[in-house]
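Q: Sharing a structure with you now.
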Amino acid sequence: MVKGYLNMEIHNISEDSVFSSVETIINSIKEEGNPTGLCLCDQCKLDTICYTLNRIEPHYIVSNRGFTRIEQDWSGRQQAEADIAALVYKGLRLVTHNMRPTSAHDDTVSMGQTFSEPVFDLPTIVGRLFDGETFAPIPEATVELCSGSEKVLMRNLNWQNPYTLVENTAGTFTFWPAAVPVENVSIHRMFDYSLKIESPQYEPLTHFFKIPVVSAIQSQHSRSTDRTFKLPDIYLFPPGEAEQNG
């Protein structure tokens, strides 16, 4: 993280629109009695959110002014919301037909931590990994999120650590660290992390970064994903090439 930007939180308001649309549509389906038998469990809800987010453009803001400017484009926003709703319906159908075998698909299993006490509610961490010479994504690279010498615990079992990149994710990796209980609200803490990155035919790399977090009473745990910490792009080089390229 570049010094001077530690207190700046980048927010993708497209995520807000998707979360809101999914909640509205699922509530409407439930009121209608779910005539098509869609799975509306927490796991399938999260999978539908991911399906939709992966198919729309992000809109990042760093201030209320940025949000106001987007709100002014009323006709464009209406069309965007209609497009999102269409994707949500399609996502629900596809997810229902391809349900995760590891989930109970009912309301008996929580999809993440929930607390009534203060916690450091960490954001999702998103980064991209590329070949330093060709700038192409590197499939099958392994990225592990650590704090000191320890592997960081994830929010739930759907978030892997270490994470192995696959070909169709265009070099993107993600983590969602578990919330950390704390004694009071409004406590400021800097979380120190490192990424240990390995891939065949490339030099291993360790990338260090920090995330500032203020403790609070955690709200709906799934809503924590509307806060994203975006890492700068990371590049791997073949053995000896890293030194040559500085």
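By convention in this document, the chains of the structure tokens carry letters A, B, ... by their order, each chain's residues are numbered from 1, and ligands are numbered from 1 in the order they are shown.
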Write out as a PyMOL selection string which residues come within 7 Å of Ile125 of chain A when counting only C-alpha atoms, dropping same-chain ones fewer than 2 positions away.
A: chain A and resi 123+127+174-176+228-230
Q: Can you write just those residues out, C-alpha atoms, as a PDB file, in the first residue's frame?
A:
ATOM      1  CA  PRO A 123     -12.529  -6.689   3.985  1.00  0.00           C
ATOM      2  CA  GLY A 127      -5.314  -9.110  -6.360  1.00  0.00           C
ATOM      3  CA  THR A 174      -9.261 -13.441  -3.542  1.00  0.00           C
ATOM      4  CA  PHE A 175      -9.240 -13.929   0.223  1.00  0.00           C
ATOM      5  CA  TRP A 176     -11.759 -13.120   2.954  1.00  0.00           C
ATOM      6  CA  THR A 228     -12.825  -4.635  -0.899  1.00  0.00           C
ATOM      7  CA  PHE A 229      -9.100  -4.110  -0.389  1.00  0.00           C
ATOM      8  CA  LYS A 230      -7.511  -4.121  -3.842  1.00  0.00           C
TER       9      LYS A 230
END
Q: Might you pull out every residue within 8 Å of segment 153-169 of chain A, with only C-alpha atoms counted and same-chain residues fewer than 3 positions away left off, and present them as number ranges by chain?
A: A: 111-113, 137-145, 172-179
Q: Extract, using only C-alpha atoms, all DNA, RNA and protein residues at most 10 Å from Ser21 of chain A, discarding same-chain residues fewer than 4 positions from it, and format them as a VMD selection string.
A: chain A and resid 15 to 17 25 to 27 49 81 to 82 84 to 89
Q: Using only C-alpha atoms, determine which residues lie at most 6 Å from His59 of chain A, disregarding the query and same-chain residues fewer than 6 positions distant; provide the list as a compact mmCIF listing (two decimals) with all heavy atoms, in the first residue's frame.
A:
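Result saved to around17.txt:
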# COMPACT_ATOMS: atom_id res chain seq x y z
N ASN A 12 -16.66 -0.24 -4.34
CA ASN A 12 -17.30 -0.59 -5.61
C ASN A 12 -18.81 -0.60 -5.40
O ASN A 12 -19.37 -1.54 -4.83
CB ASN A 12 -16.80 -1.97 -6.06
CG ASN A 12 -17.47 -2.44 -7.34
OD1 ASN A 12 -18.16 -1.68 -8.02
ND2 ASN A 12 -17.29 -3.70 -7.67
N ILE A 13 -19.49 0.44 -5.88
CA ILE A 13 -20.93 0.55 -5.61
C ILE A 13 -21.74 -0.43 -6.46
O ILE A 13 -22.93 -0.64 -6.19
CB ILE A 13 -21.44 1.99 -5.82
CG1 ILE A 13 -21.32 2.42 -7.28
CG2 ILE A 13 -20.72 2.95 -4.89
CD1 ILE A 13 -22.06 3.71 -7.55
N SER A 14 -21.13 -1.04 -7.47
CA SER A 14 -21.84 -2.09 -8.21
C SER A 14 -22.17 -3.25 -7.28
O SER A 14 -23.21 -3.91 -7.44
CB SER A 14 -21.00 -2.59 -9.38
OG SER A 14 -20.83 -1.59 -10.36
Q: If I take atom CA of Lys196 of chain A and atom CA of Asp233 of chain A, how far is one from the other in Å, to one decimal?
A: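 Interatomic distance here is 14.5 Å.
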Q: Would you compute the distance between atom CA of Met190 of chain A and atom CA of Val214 of chain A? Give it in Å to one decimal.
A: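 Straight-line distance from atom CA of Met190 of chain A to atom CA of Val214 of chain A works out to 8.8 Å.
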Q: Mind checking which residues fall within 12 Å of Thr36 of chain A, counting only C-alpha atoms, ignoring those fewer than 2 positions away in the same chain, and posting them as a ChimeraX atom specification?
A: /A:29-30,32-34,38-40,89,92-93,96-97
Q: For the selection you just gave me, I'd like the residues written to a file as a PDB file, in the first residue's frame, keeping N, CA, C and O atoms.
A:
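Now in part.pdb:
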ATOM      1  N   ILE A  29     -39.442 -13.897  -4.684  1.00  0.00           N
ATOM      2  CA  ILE A  29     -39.654 -15.312  -5.022  1.00  0.00           C
ATOM      3  C   ILE A  29     -40.277 -16.053  -3.846  1.00  0.00           C
ATOM      4  O   ILE A  29     -41.182 -16.878  -4.017  1.00  0.00           O
ATOM      5  N   LYS A  30     -39.805 -15.756  -2.641  1.00  0.00           N
ATOM      6  CA  LYS A  30     -40.362 -16.407  -1.451  1.00  0.00           C
ATOM      7  C   LYS A  30     -41.832 -16.031  -1.256  1.00  0.00           C
ATOM      8  O   LYS A  30     -42.661 -16.883  -0.907  1.00  0.00           O
ATOM      9  N   GLU A  32     -43.929 -15.306  -3.515  1.00  0.00           N
ATOM     10  CA  GLU A  32     -44.717 -15.994  -4.547  1.00  0.00           C
ATOM     11  C   GLU A  32     -44.779 -17.496  -4.336  1.00  0.00           C
ATOM     12  O   GLU A  32     -45.417 -18.209  -5.106  1.00  0.00           O
ATOM     13  N   GLY A  33     -44.114 -17.993  -3.301  1.00  0.00           N
ATOM     14  CA  GLY A  33     -44.131 -19.416  -3.018  1.00  0.00           C
ATOM     15  C   GLY A  33     -43.071 -20.204  -3.756  1.00  0.00           C
ATOM     16  O   GLY A  33     -43.129 -21.443  -3.780  1.00  0.00           O
ATOM     17  N   ASN A  34     -42.123 -19.515  -4.385  1.00  0.00           N
ATOM     18  CA  ASN A  34     -41.028 -20.164  -5.107  1.00  0.00           C
ATOM     19  C   ASN A  34     -41.552 -21.239  -6.061  1.00  0.00           C
ATOM     20  O   ASN A  34     -41.204 -22.429  -5.950  1.00  0.00           O
ATOM     21  N   LEU A  38     -36.486 -22.837  -6.949  1.00  0.00           N
ATOM     22  CA  LEU A  38     -35.099 -22.386  -6.898  1.00  0.00           C
ATOM     23  C   LEU A  38     -34.535 -22.562  -5.489  1.00  0.00           C
ATOM     24  O   LEU A  38     -35.255 -22.410  -4.511  1.00  0.00           O
ATOM     25  N   CYS A  39     -33.248 -22.878  -5.400  1.00  0.00           N
ATOM     26  CA  CYS A  39     -32.603 -22.961  -4.087  1.00  0.00           C
ATOM     27  C   CYS A  39     -32.243 -21.556  -3.642  1.00  0.00           C
ATOM     28  O   CYS A  39     -31.517 -20.842  -4.346  1.00  0.00           O
ATOM     29  N   LEU A  40     -32.736 -21.152  -2.474  1.00  0.00           N
ATOM     30  CA  LEU A  40     -32.539 -19.795  -1.974  1.00  0.00           C
ATOM     31  C   LEU A  40     -31.730 -19.775  -0.684  1.00  0.00           C
ATOM     32  O   LEU A  40     -31.810 -18.826   0.087  1.00  0.00           O
ATOM     33  N   TYR A  89     -31.612 -13.372 -11.908  1.00  0.00           N
ATOM     34  CA  TYR A  89     -32.549 -14.461 -12.207  1.00  0.00           C
ATOM     35  C   TYR A  89     -31.837 -15.603 -12.924  1.00  0.00           C
ATOM     36  O   TYR A  89     -32.033 -16.789 -12.601  1.00  0.00           O
ATOM     37  N   LEU A  92     -29.548 -17.423 -10.401  1.00  0.00           N
ATOM     38  CA  LEU A  92     -30.292 -18.292  -9.488  1.00  0.00           C
ATOM     39  C   LEU A  92     -30.642 -19.620 -10.146  1.00  0.00           C
ATOM     40  O   LEU A  92     -30.555 -20.686  -9.530  1.00  0.00           O
ATOM     41  N   ARG A  93     -31.054 -19.548 -11.421  1.00  0.00           N
ATOM     42  CA  ARG A  93     -31.404 -20.786 -12.138  1.00  0.00           C
ATOM     43  C   ARG A  93     -30.181 -21.680 -12.330  1.00  0.00           C
ATOM     44  O   ARG A  93     -30.230 -22.895 -12.100  1.00  0.00           O
ATOM     45  N   THR A  96     -28.942 -23.148  -8.989  1.00  0.00           N
ATOM     46  CA  THR A  96     -29.842 -24.214  -8.532  1.00  0.00           C
ATOM     47  C   THR A  96     -29.555 -25.529  -9.246  1.00  0.00           C
ATOM     48  O   THR A  96     -29.631 -26.608  -8.647  1.00  0.00           O
ATOM     49  N   HIS A  97     -29.201 -25.425 -10.535  1.00  0.00           N
ATOM     50  CA  HIS A  97     -28.920 -26.640 -11.303  1.00  0.00           C
ATOM     51  C   HIS A  97     -27.492 -27.140 -11.117  1.00  0.00           C
ATOM     52  O   HIS A  97     -27.143 -28.215 -11.627  1.00  0.00           O
TER      53      HIS A  97
END
